[in-house]
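Data from coords_25.cif: mmCIF, N, CA and C atoms
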data_run
#
loop_
_atom_site.label_atom_id
_atom_site.label_comp_id
_atom_site.auth_asym_id
_atom_site.auth_seq_id
_atom_site.Cartn_x
_atom_site.Cartn_y
_atom_site.Cartn_z
N MET G 1199 -11.96 28.29 62.99
CA MET G 1199 -12.15 29.59 62.40
C MET G 1199 -12.53 30.61 63.47
N GLY G 1200 -12.64 30.19 64.70
CA GLY G 1200 -13.05 31.09 65.76
C GLY G 1200 -12.14 32.29 65.87
N GLU G 1201 -12.75 33.44 66.05
CA GLU G 1201 -11.98 34.67 66.19
C GLU G 1201 -12.57 35.47 67.34
N PRO G 1202 -12.20 35.09 68.55
CA PRO G 1202 -12.80 35.80 69.69
C PRO G 1202 -12.29 37.23 69.76
N ASN G 1203 -13.18 38.11 70.15
CA ASN G 1203 -12.75 39.49 70.36
C ASN G 1203 -12.11 39.57 71.73
N ASN G 1204 -10.91 40.08 71.75
CA ASN G 1204 -10.20 40.22 73.01
C ASN G 1204 -10.04 41.68 73.40
N LEU G 1205 -11.00 42.50 72.95
CA LEU G 1205 -10.95 43.90 73.33
C LEU G 1205 -11.10 43.99 74.83
N LYS G 1206 -10.36 44.89 75.42
CA LYS G 1206 -10.32 44.97 76.89
C LYS G 1206 -11.29 46.03 77.38
N TYR G 1207 -11.91 45.75 78.50
CA TYR G 1207 -12.77 46.72 79.16
C TYR G 1207 -12.03 47.31 80.35
N LEU G 1208 -12.37 48.54 80.67
CA LEU G 1208 -11.75 49.20 81.82
C LEU G 1208 -12.40 48.74 83.11
N GLU G 1209 -11.58 48.36 84.04
CA GLU G 1209 -12.10 48.00 85.36
C GLU G 1209 -11.76 49.07 86.38
N LYS G 1210 -10.77 49.88 86.06
CA LYS G 1210 -10.44 51.01 86.94
C LYS G 1210 -10.35 52.25 86.07
N THR G 1211 -10.31 53.38 86.67
CA THR G 1211 -10.42 54.61 85.89
C THR G 1211 -9.14 55.44 85.84
N SER G 1212 -8.00 54.86 86.13
CA SER G 1212 -6.78 55.65 86.05
C SER G 1212 -6.57 56.07 84.59
N SER G 1213 -6.02 57.27 84.42
CA SER G 1213 -5.83 57.78 83.07
C SER G 1213 -4.88 56.87 82.27
N GLN G 1214 -3.87 56.32 82.92
CA GLN G 1214 -2.94 55.46 82.20
C GLN G 1214 -3.62 54.18 81.74
N ALA G 1215 -4.51 53.62 82.58
CA ALA G 1215 -5.26 52.42 82.19
C ALA G 1215 -6.13 52.73 80.98
N LEU G 1216 -6.77 53.89 80.97
CA LEU G 1216 -7.62 54.30 79.86
C LEU G 1216 -6.83 54.35 78.56
N ILE G 1217 -5.68 55.01 78.59
CA ILE G 1217 -4.86 55.15 77.39
C ILE G 1217 -4.35 53.78 76.93
N ASP G 1218 -3.88 52.98 77.87
CA ASP G 1218 -3.36 51.65 77.52
C ASP G 1218 -4.41 50.78 76.85
N VAL G 1219 -5.62 50.80 77.43
CA VAL G 1219 -6.71 50.00 76.87
C VAL G 1219 -7.08 50.49 75.47
N LEU G 1220 -7.22 51.80 75.32
CA LEU G 1220 -7.60 52.32 74.01
C LEU G 1220 -6.53 52.06 72.96
N ASN G 1221 -5.26 52.27 73.31
CA ASN G 1221 -4.19 51.99 72.35
C ASN G 1221 -4.20 50.52 71.94
N SER G 1222 -4.33 49.63 72.90
CA SER G 1222 -4.34 48.20 72.61
C SER G 1222 -5.54 47.82 71.75
N ASP G 1223 -6.72 48.31 72.12
CA ASP G 1223 -7.93 47.96 71.39
C ASP G 1223 -7.93 48.53 69.97
N LEU G 1224 -7.48 49.76 69.82
CA LEU G 1224 -7.44 50.36 68.48
C LEU G 1224 -6.44 49.62 67.58
N GLU G 1225 -5.32 49.21 68.16
CA GLU G 1225 -4.35 48.45 67.38
C GLU G 1225 -4.93 47.11 66.96
N GLN G 1226 -5.61 46.42 67.88
CA GLN G 1226 -6.23 45.13 67.57
C GLN G 1226 -7.33 45.31 66.52
N THR G 1227 -8.13 46.37 66.66
CA THR G 1227 -9.19 46.64 65.70
C THR G 1227 -8.61 46.91 64.32
N ALA G 1228 -7.51 47.66 64.26
CA ALA G 1228 -6.85 47.91 62.98
C ALA G 1228 -6.41 46.61 62.34
N ASN G 1229 -5.84 45.71 63.12
CA ASN G 1229 -5.39 44.42 62.58
C ASN G 1229 -6.55 43.61 62.02
N GLN G 1230 -7.67 43.58 62.77
CA GLN G 1230 -8.82 42.80 62.33
C GLN G 1230 -9.47 43.44 61.10
N TYR G 1231 -9.57 44.76 61.10
CA TYR G 1231 -10.14 45.48 59.95
C TYR G 1231 -9.31 45.22 58.70
N ASN G 1232 -8.00 45.41 58.81
CA ASN G 1232 -7.12 45.23 57.65
C ASN G 1232 -7.14 43.79 57.15
N SER G 1233 -7.18 42.85 58.08
CA SER G 1233 -7.26 41.44 57.72
C SER G 1233 -8.56 41.14 56.96
N PHE G 1234 -9.66 41.69 57.45
CA PHE G 1234 -10.95 41.48 56.80
C PHE G 1234 -10.94 42.06 55.38
N CYS G 1235 -10.43 43.28 55.22
CA CYS G 1235 -10.39 43.92 53.90
C CYS G 1235 -9.55 43.11 52.92
N GLN G 1236 -8.43 42.57 53.40
CA GLN G 1236 -7.58 41.74 52.55
C GLN G 1236 -8.30 40.44 52.19
N LEU G 1237 -9.01 39.90 53.16
CA LEU G 1237 -9.73 38.64 52.96
C LEU G 1237 -10.82 38.78 51.90
N ILE G 1238 -11.64 39.83 51.97
CA ILE G 1238 -12.70 39.97 50.97
C ILE G 1238 -12.11 40.29 49.60
N ASN G 1239 -10.96 40.95 49.58
CA ASN G 1239 -10.28 41.19 48.32
C ASN G 1239 -9.82 39.87 47.70
N ASP G 1240 -9.20 39.04 48.52
CA ASP G 1240 -8.63 37.78 48.03
C ASP G 1240 -9.69 36.72 47.72
N ARG G 1241 -10.65 36.55 48.63
CA ARG G 1241 -11.58 35.42 48.51
C ARG G 1241 -12.87 35.74 47.80
N LEU G 1242 -13.33 36.98 47.90
CA LEU G 1242 -14.61 37.34 47.29
C LEU G 1242 -14.44 38.27 46.10
N ALA G 1243 -13.19 38.60 45.79
CA ALA G 1243 -12.87 39.49 44.68
C ALA G 1243 -13.61 40.83 44.80
N ILE G 1244 -13.74 41.30 46.03
CA ILE G 1244 -14.24 42.66 46.25
C ILE G 1244 -12.99 43.53 46.34
N HIS G 1245 -12.59 44.04 45.19
CA HIS G 1245 -11.29 44.70 45.11
C HIS G 1245 -11.30 46.01 45.90
N ASN G 1246 -10.31 46.13 46.76
CA ASN G 1246 -10.23 47.31 47.61
C ASN G 1246 -8.79 47.53 48.03
N SER G 1247 -8.55 48.75 48.43
CA SER G 1247 -7.25 49.09 49.01
C SER G 1247 -7.49 49.73 50.38
N LEU G 1248 -8.55 49.27 51.03
CA LEU G 1248 -8.92 49.84 52.32
C LEU G 1248 -7.89 49.47 53.38
N HIS G 1249 -7.59 50.44 54.22
CA HIS G 1249 -6.59 50.22 55.26
C HIS G 1249 -6.83 51.22 56.37
N TYR G 1250 -6.63 50.79 57.60
CA TYR G 1250 -6.73 51.70 58.75
C TYR G 1250 -5.45 51.55 59.57
N ASN G 1251 -4.83 52.69 59.86
CA ASN G 1251 -3.65 52.71 60.72
C ASN G 1251 -4.00 53.36 62.04
N HIS G 1252 -3.72 52.67 63.11
CA HIS G 1252 -3.90 53.23 64.45
C HIS G 1252 -2.72 54.14 64.75
N SER G 1253 -3.04 55.36 65.18
CA SER G 1253 -2.00 56.30 65.62
C SER G 1253 -1.96 56.26 67.14
N PRO G 1254 -0.83 55.92 67.73
CA PRO G 1254 -0.76 55.84 69.19
C PRO G 1254 -1.25 57.11 69.87
N ILE G 1255 -1.98 56.92 70.94
CA ILE G 1255 -2.53 58.04 71.70
C ILE G 1255 -1.51 58.49 72.74
N ASP G 1256 -1.28 59.79 72.80
CA ASP G 1256 -0.32 60.36 73.74
C ASP G 1256 -0.71 59.97 75.17
N PRO G 1257 0.23 59.44 75.96
CA PRO G 1257 -0.10 58.97 77.31
C PRO G 1257 -0.19 60.07 78.35
N GLY G 1258 0.06 61.30 77.96
CA GLY G 1258 0.12 62.38 78.95
C GLY G 1258 -1.22 62.81 79.52
N TYR G 1259 -2.29 62.32 78.96
CA TYR G 1259 -3.65 62.66 79.39
C TYR G 1259 -3.81 64.18 79.43
N ASN G 1260 -3.56 64.77 78.26
CA ASN G 1260 -3.64 66.21 78.12
C ASN G 1260 -4.40 66.53 76.83
N ARG G 1261 -4.29 67.75 76.36
CA ARG G 1261 -4.97 68.15 75.12
C ARG G 1261 -4.53 67.27 73.96
N ARG G 1262 -3.25 66.95 73.90
CA ARG G 1262 -2.73 66.11 72.82
C ARG G 1262 -3.40 64.72 72.85
N THR G 1263 -3.61 64.20 74.06
CA THR G 1263 -4.28 62.91 74.23
C THR G 1263 -5.67 62.97 73.61
N ARG G 1264 -6.43 64.03 73.94
CA ARG G 1264 -7.78 64.17 73.40
C ARG G 1264 -7.76 64.30 71.88
N MET G 1265 -6.81 65.06 71.35
CA MET G 1265 -6.72 65.24 69.90
C MET G 1265 -6.38 63.91 69.21
N ASP G 1266 -5.47 63.15 69.81
CA ASP G 1266 -5.11 61.83 69.27
C ASP G 1266 -6.32 60.90 69.28
N LEU G 1267 -7.07 60.94 70.37
CA LEU G 1267 -8.25 60.08 70.49
C LEU G 1267 -9.30 60.46 69.45
N ILE G 1268 -9.56 61.75 69.31
CA ILE G 1268 -10.52 62.23 68.32
C ILE G 1268 -10.10 61.78 66.92
N LYS G 1269 -8.81 61.93 66.61
CA LYS G 1269 -8.30 61.52 65.29
C LYS G 1269 -8.51 60.03 65.06
N ASN G 1270 -8.20 59.22 66.05
CA ASN G 1270 -8.36 57.77 65.90
C ASN G 1270 -9.82 57.39 65.68
N ILE G 1271 -10.72 57.98 66.46
CA ILE G 1271 -12.14 57.66 66.32
C ILE G 1271 -12.65 58.10 64.95
N ARG G 1272 -12.27 59.29 64.54
CA ARG G 1272 -12.67 59.78 63.21
C ARG G 1272 -12.13 58.89 62.11
N ASP G 1273 -10.83 58.56 62.18
CA ASP G 1273 -10.21 57.73 61.15
C ASP G 1273 -10.83 56.33 61.10
N LEU G 1274 -11.10 55.76 62.28
CA LEU G 1274 -11.69 54.42 62.32
C LEU G 1274 -13.10 54.45 61.74
N ASN G 1275 -13.89 55.46 62.10
CA ASN G 1275 -15.24 55.54 61.54
C ASN G 1275 -15.21 55.75 60.03
N GLN G 1276 -14.27 56.54 59.54
CA GLN G 1276 -14.15 56.72 58.09
C GLN G 1276 -13.77 55.41 57.42
N ALA G 1277 -12.87 54.65 58.05
CA ALA G 1277 -12.49 53.36 57.48
C ALA G 1277 -13.69 52.41 57.46
N PHE G 1278 -14.42 52.34 58.57
CA PHE G 1278 -15.60 51.48 58.62
C PHE G 1278 -16.67 51.95 57.63
N ASP G 1279 -16.82 53.27 57.45
CA ASP G 1279 -17.80 53.80 56.48
C ASP G 1279 -17.44 53.37 55.06
N ARG G 1280 -16.16 53.44 54.73
CA ARG G 1280 -15.73 53.03 53.39
C ARG G 1280 -15.98 51.54 53.17
N LEU G 1281 -15.74 50.74 54.21
CA LEU G 1281 -15.99 49.31 54.11
C LEU G 1281 -17.48 49.03 53.95
N ALA G 1282 -18.31 49.70 54.75
CA ALA G 1282 -19.76 49.52 54.65
C ALA G 1282 -20.25 49.90 53.26
N SER G 1283 -19.76 51.00 52.73
CA SER G 1283 -20.15 51.44 51.40
C SER G 1283 -19.76 50.39 50.34
N LEU G 1284 -18.56 49.86 50.48
CA LEU G 1284 -18.09 48.84 49.54
C LEU G 1284 -18.98 47.60 49.59
N LEU G 1285 -19.30 47.13 50.80
CA LEU G 1285 -20.14 45.93 50.93
C LEU G 1285 -21.57 46.21 50.48
N ASN G 1286 -22.07 47.43 50.73
CA ASN G 1286 -23.43 47.77 50.32
C ASN G 1286 -23.58 47.81 48.80
N GLN G 1287 -22.47 48.02 48.09
CA GLN G 1287 -22.51 48.06 46.63
C GLN G 1287 -22.12 46.73 46.01
N SER G 1288 -21.82 45.75 46.84
CA SER G 1288 -21.38 44.44 46.34
C SER G 1288 -22.57 43.51 46.20
N SER G 1289 -22.30 42.33 45.70
CA SER G 1289 -23.37 41.32 45.59
C SER G 1289 -23.57 40.61 46.92
N PHE G 1290 -22.83 41.00 47.94
CA PHE G 1290 -22.94 40.37 49.26
C PHE G 1290 -23.72 41.26 50.22
N ILE G 1291 -24.81 41.82 49.70
CA ILE G 1291 -25.63 42.71 50.53
C ILE G 1291 -26.33 41.90 51.62
N LYS G 1292 -26.70 42.61 52.67
CA LYS G 1292 -27.36 41.96 53.81
C LYS G 1292 -28.86 42.05 53.60
N VAL G 1293 -29.52 40.89 53.64
CA VAL G 1293 -30.97 40.84 53.45
C VAL G 1293 -31.60 40.15 54.65
N GLU G 1294 -32.62 40.80 55.21
CA GLU G 1294 -33.37 40.21 56.33
C GLU G 1294 -34.85 40.33 56.01
N LYS G 1295 -35.54 39.19 56.01
CA LYS G 1295 -36.99 39.14 55.73
C LYS G 1295 -37.31 39.83 54.42
N GLY G 1296 -36.47 39.60 53.41
CA GLY G 1296 -36.71 40.14 52.09
C GLY G 1296 -36.35 41.61 51.93
N GLN G 1297 -35.86 42.24 52.98
CA GLN G 1297 -35.48 43.66 52.92
C GLN G 1297 -33.97 43.80 52.94
N ILE G 1298 -33.46 44.69 52.12
CA ILE G 1298 -32.03 44.98 52.14
C ILE G 1298 -31.74 45.88 53.34
N ILE G 1299 -30.84 45.45 54.18
CA ILE G 1299 -30.43 46.23 55.35
C ILE G 1299 -29.00 46.71 55.09
N PRO G 1300 -28.82 48.02 54.91
CA PRO G 1300 -27.45 48.51 54.64
C PRO G 1300 -26.51 48.21 55.81
N TYR G 1301 -25.28 47.86 55.49
CA TYR G 1301 -24.26 47.70 56.52
C TYR G 1301 -24.00 49.07 57.13
N ASP G 1302 -23.87 49.11 58.44
CA ASP G 1302 -23.55 50.34 59.16
C ASP G 1302 -22.62 49.96 60.30
N PHE G 1303 -21.38 50.39 60.21
CA PHE G 1303 -20.38 49.99 61.18
C PHE G 1303 -19.95 51.16 62.07
N THR G 1304 -20.89 52.02 62.42
CA THR G 1304 -20.55 53.21 63.19
C THR G 1304 -20.30 52.89 64.66
N ALA G 1305 -19.25 53.47 65.21
CA ALA G 1305 -18.97 53.42 66.65
C ALA G 1305 -18.63 54.86 67.05
N TRP G 1306 -19.24 55.33 68.12
CA TRP G 1306 -19.07 56.75 68.44
C TRP G 1306 -18.77 56.96 69.92
N LEU G 1307 -17.90 57.91 70.17
CA LEU G 1307 -17.57 58.32 71.53
C LEU G 1307 -17.47 59.83 71.55
N ASP G 1308 -18.19 60.47 72.47
CA ASP G 1308 -18.11 61.91 72.64
C ASP G 1308 -16.90 62.22 73.50
N VAL G 1309 -15.87 62.77 72.87
CA VAL G 1309 -14.64 63.06 73.60
C VAL G 1309 -14.80 64.43 74.26
N GLY G 1310 -15.45 64.43 75.40
CA GLY G 1310 -15.69 65.68 76.12
C GLY G 1310 -14.54 66.02 77.03
N ILE G 1311 -14.79 66.93 77.94
CA ILE G 1311 -13.75 67.37 78.88
C ILE G 1311 -13.27 66.20 79.72
N LYS G 1312 -14.21 65.40 80.18
CA LYS G 1312 -13.86 64.28 81.05
C LYS G 1312 -14.43 63.00 80.47
N LEU G 1313 -13.57 62.02 80.30
CA LEU G 1313 -14.01 60.71 79.82
C LEU G 1313 -14.22 59.81 81.02
N THR G 1314 -15.33 59.10 81.03
CA THR G 1314 -15.59 58.19 82.13
C THR G 1314 -15.33 56.75 81.70
N LYS G 1315 -15.16 55.91 82.68
CA LYS G 1315 -14.98 54.48 82.43
C LYS G 1315 -16.17 53.94 81.65
N GLU G 1316 -17.36 54.37 82.00
CA GLU G 1316 -18.58 53.88 81.35
C GLU G 1316 -18.61 54.28 79.87
N GLN G 1317 -18.21 55.53 79.58
CA GLN G 1317 -18.18 55.98 78.18
C GLN G 1317 -17.21 55.14 77.36
N ILE G 1318 -16.03 54.93 77.91
CA ILE G 1318 -15.01 54.16 77.20
C ILE G 1318 -15.49 52.73 76.98
N ASN G 1319 -16.05 52.12 78.01
CA ASN G 1319 -16.54 50.74 77.87
C ASN G 1319 -17.68 50.66 76.86
N ASP G 1320 -18.54 51.68 76.80
CA ASP G 1320 -19.62 51.70 75.82
C ASP G 1320 -19.03 51.77 74.41
N TYR G 1321 -18.00 52.59 74.23
CA TYR G 1321 -17.34 52.70 72.93
C TYR G 1321 -16.71 51.36 72.53
N ILE G 1322 -16.02 50.74 73.47
CA ILE G 1322 -15.38 49.45 73.20
C ILE G 1322 -16.45 48.42 72.79
N LYS G 1323 -17.59 48.46 73.46
CA LYS G 1323 -18.68 47.54 73.12
C LYS G 1323 -19.18 47.79 71.69
N GLN G 1324 -19.28 49.06 71.30
CA GLN G 1324 -19.71 49.39 69.94
C GLN G 1324 -18.73 48.82 68.91
N VAL G 1325 -17.44 49.01 69.17
CA VAL G 1325 -16.42 48.50 68.24
C VAL G 1325 -16.47 46.98 68.21
N GLU G 1326 -16.65 46.36 69.35
CA GLU G 1326 -16.78 44.91 69.40
C GLU G 1326 -17.95 44.43 68.56
N ASN G 1327 -19.06 45.15 68.59
CA ASN G 1327 -20.23 44.78 67.79
C ASN G 1327 -19.92 44.85 66.30
N VAL G 1328 -19.15 45.86 65.90
CA VAL G 1328 -18.76 45.96 64.49
C VAL G 1328 -17.87 44.78 64.11
N LEU G 1329 -16.89 44.46 64.95
CA LEU G 1329 -16.00 43.34 64.66
C LEU G 1329 -16.78 42.03 64.63
N LYS G 1330 -17.79 41.89 65.49
CA LYS G 1330 -18.63 40.70 65.48
C LYS G 1330 -19.39 40.60 64.17
N GLU G 1331 -19.86 41.74 63.66
CA GLU G 1331 -20.58 41.73 62.39
C GLU G 1331 -19.65 41.30 61.26
N LEU G 1332 -18.40 41.74 61.30
CA LEU G 1332 -17.44 41.30 60.29
C LEU G 1332 -17.17 39.80 60.43
N PHE G 1333 -17.07 39.33 61.66
CA PHE G 1333 -16.87 37.90 61.91
C PHE G 1333 -18.07 37.09 61.40
N ASP G 1334 -19.28 37.59 61.65
CA ASP G 1334 -20.48 36.91 61.16
C ASP G 1334 -20.50 36.86 59.64
N PHE G 1335 -20.05 37.94 58.99
CA PHE G 1335 -19.96 37.98 57.53
C PHE G 1335 -19.01 36.89 57.05
N LYS G 1336 -17.86 36.78 57.70
CA LYS G 1336 -16.87 35.76 57.33
C LYS G 1336 -17.46 34.35 57.50
N THR G 1337 -18.20 34.15 58.59
CA THR G 1337 -18.81 32.85 58.85
C THR G 1337 -19.86 32.53 57.79
N LYS G 1338 -20.69 33.53 57.47
CA LYS G 1338 -21.77 33.34 56.48
C LYS G 1338 -21.21 32.93 55.13
N TYR G 1339 -20.11 33.56 54.72
CA TYR G 1339 -19.53 33.26 53.41
C TYR G 1339 -18.36 32.27 53.49
N ARG G 1340 -18.25 31.61 54.62
CA ARG G 1340 -17.25 30.56 54.85
C ARG G 1340 -15.84 31.00 54.45
N LEU G 1341 -15.47 32.14 54.96
CA LEU G 1341 -14.13 32.67 54.69
C LEU G 1341 -13.20 32.30 55.84
N ASN G 1342 -12.00 31.98 55.52
CA ASN G 1342 -10.98 31.69 56.54
C ASN G 1342 -9.82 32.63 56.32
N ASP G 1343 -9.25 33.08 57.43
CA ASP G 1343 -8.03 33.91 57.30
C ASP G 1343 -6.89 33.07 56.81
#

Mind turning this structure into structure tokens?
Amino acid sequence: MGEPNNLKYLEKTSSQALIDVLNSDLEQTANQYNSFCQLINDRLAIHNSLHYNHSPIDPGYNRRTRMDLIKNIRDLNQAFDRLASLLNQSSFIKVEKGQIIPYDFTAWLDVGIKLTKEQINDYIKQVENVLKELFDFKTKYRLND
């Protein structure tokens, strides 16, 4: 049942490497998100029509690139927010030490004038943490893809 995260980290800062990594990671995240939503629908009867589509980021490293990146981050956060809301209202709530801890799958990146390797890697780490939480949920409830 192992589902390792294969999200890529940037080792160099070329603009093309940045775009390639983000496109690949967002596509992989979309696949894992959509798979998880289908899984909880099928196995836990948490009925949903949640879906996230990755929109390819323009490789030109221009204004269009930034707009595409902003759209993807916004859309992914909205998708994760809808999923968190659904799980928070389900009977599969997260409880730690007798306290209900709401699911929060937020990942954020400030798309400023200049993106650094460190910013991108921090964002990738945030998304990885969300995917790990979904994987832990699957493990806890013994779900298999």

Practice item. Output the residue selection produced by the PyMOL selection byres (((chain G and resi 1235 and name CA) around 12) and name CA) on the file above, formatted as an NGL selection string. Key: :G and (1228-1234 or 1236-1250 or 1277-1278 or 1280-1282 or 1284-1285 or 1332-1333 or 1335-1336 or 1341 or 1343)

Strand (DSSP E or B) residues, from DSSP on the backbone, in region 1244-1334 of chain G, as a PyMOL selection string: chain G and resi 1293-1294+1297-1298

* To do: List the residues selected by the PyMOL selection byres (((chain G and resi 1274 and name CA) around 10) and name CA) in the file shown, writing them as number ranges by chain.
  => G: 1224, 1227-1228, 1231, 1249-1252, 1268-1273, 1275-1280, 1303-1306, 1325

A straight line from atom N of Leu1216 (chain G) to atom N of Lys1330 (chain G) spans 22.5 Å

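Put simply, atom C of Gln1226 (chain G) is 24.0 Å away from atom N of Gln1287 (chain G).
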
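A straight line drawn from CA of Ile1299 (chain G) to CA of Leu1205 (chain G) is 26.6 Å long.
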
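When only C-alpha atoms are used to compute distances to Asp1256 (chain G), the closest of the residues G:Ile1318, G:Leu1220, G:Leu1307, G:Val1328 turns out to be G:Leu1220.
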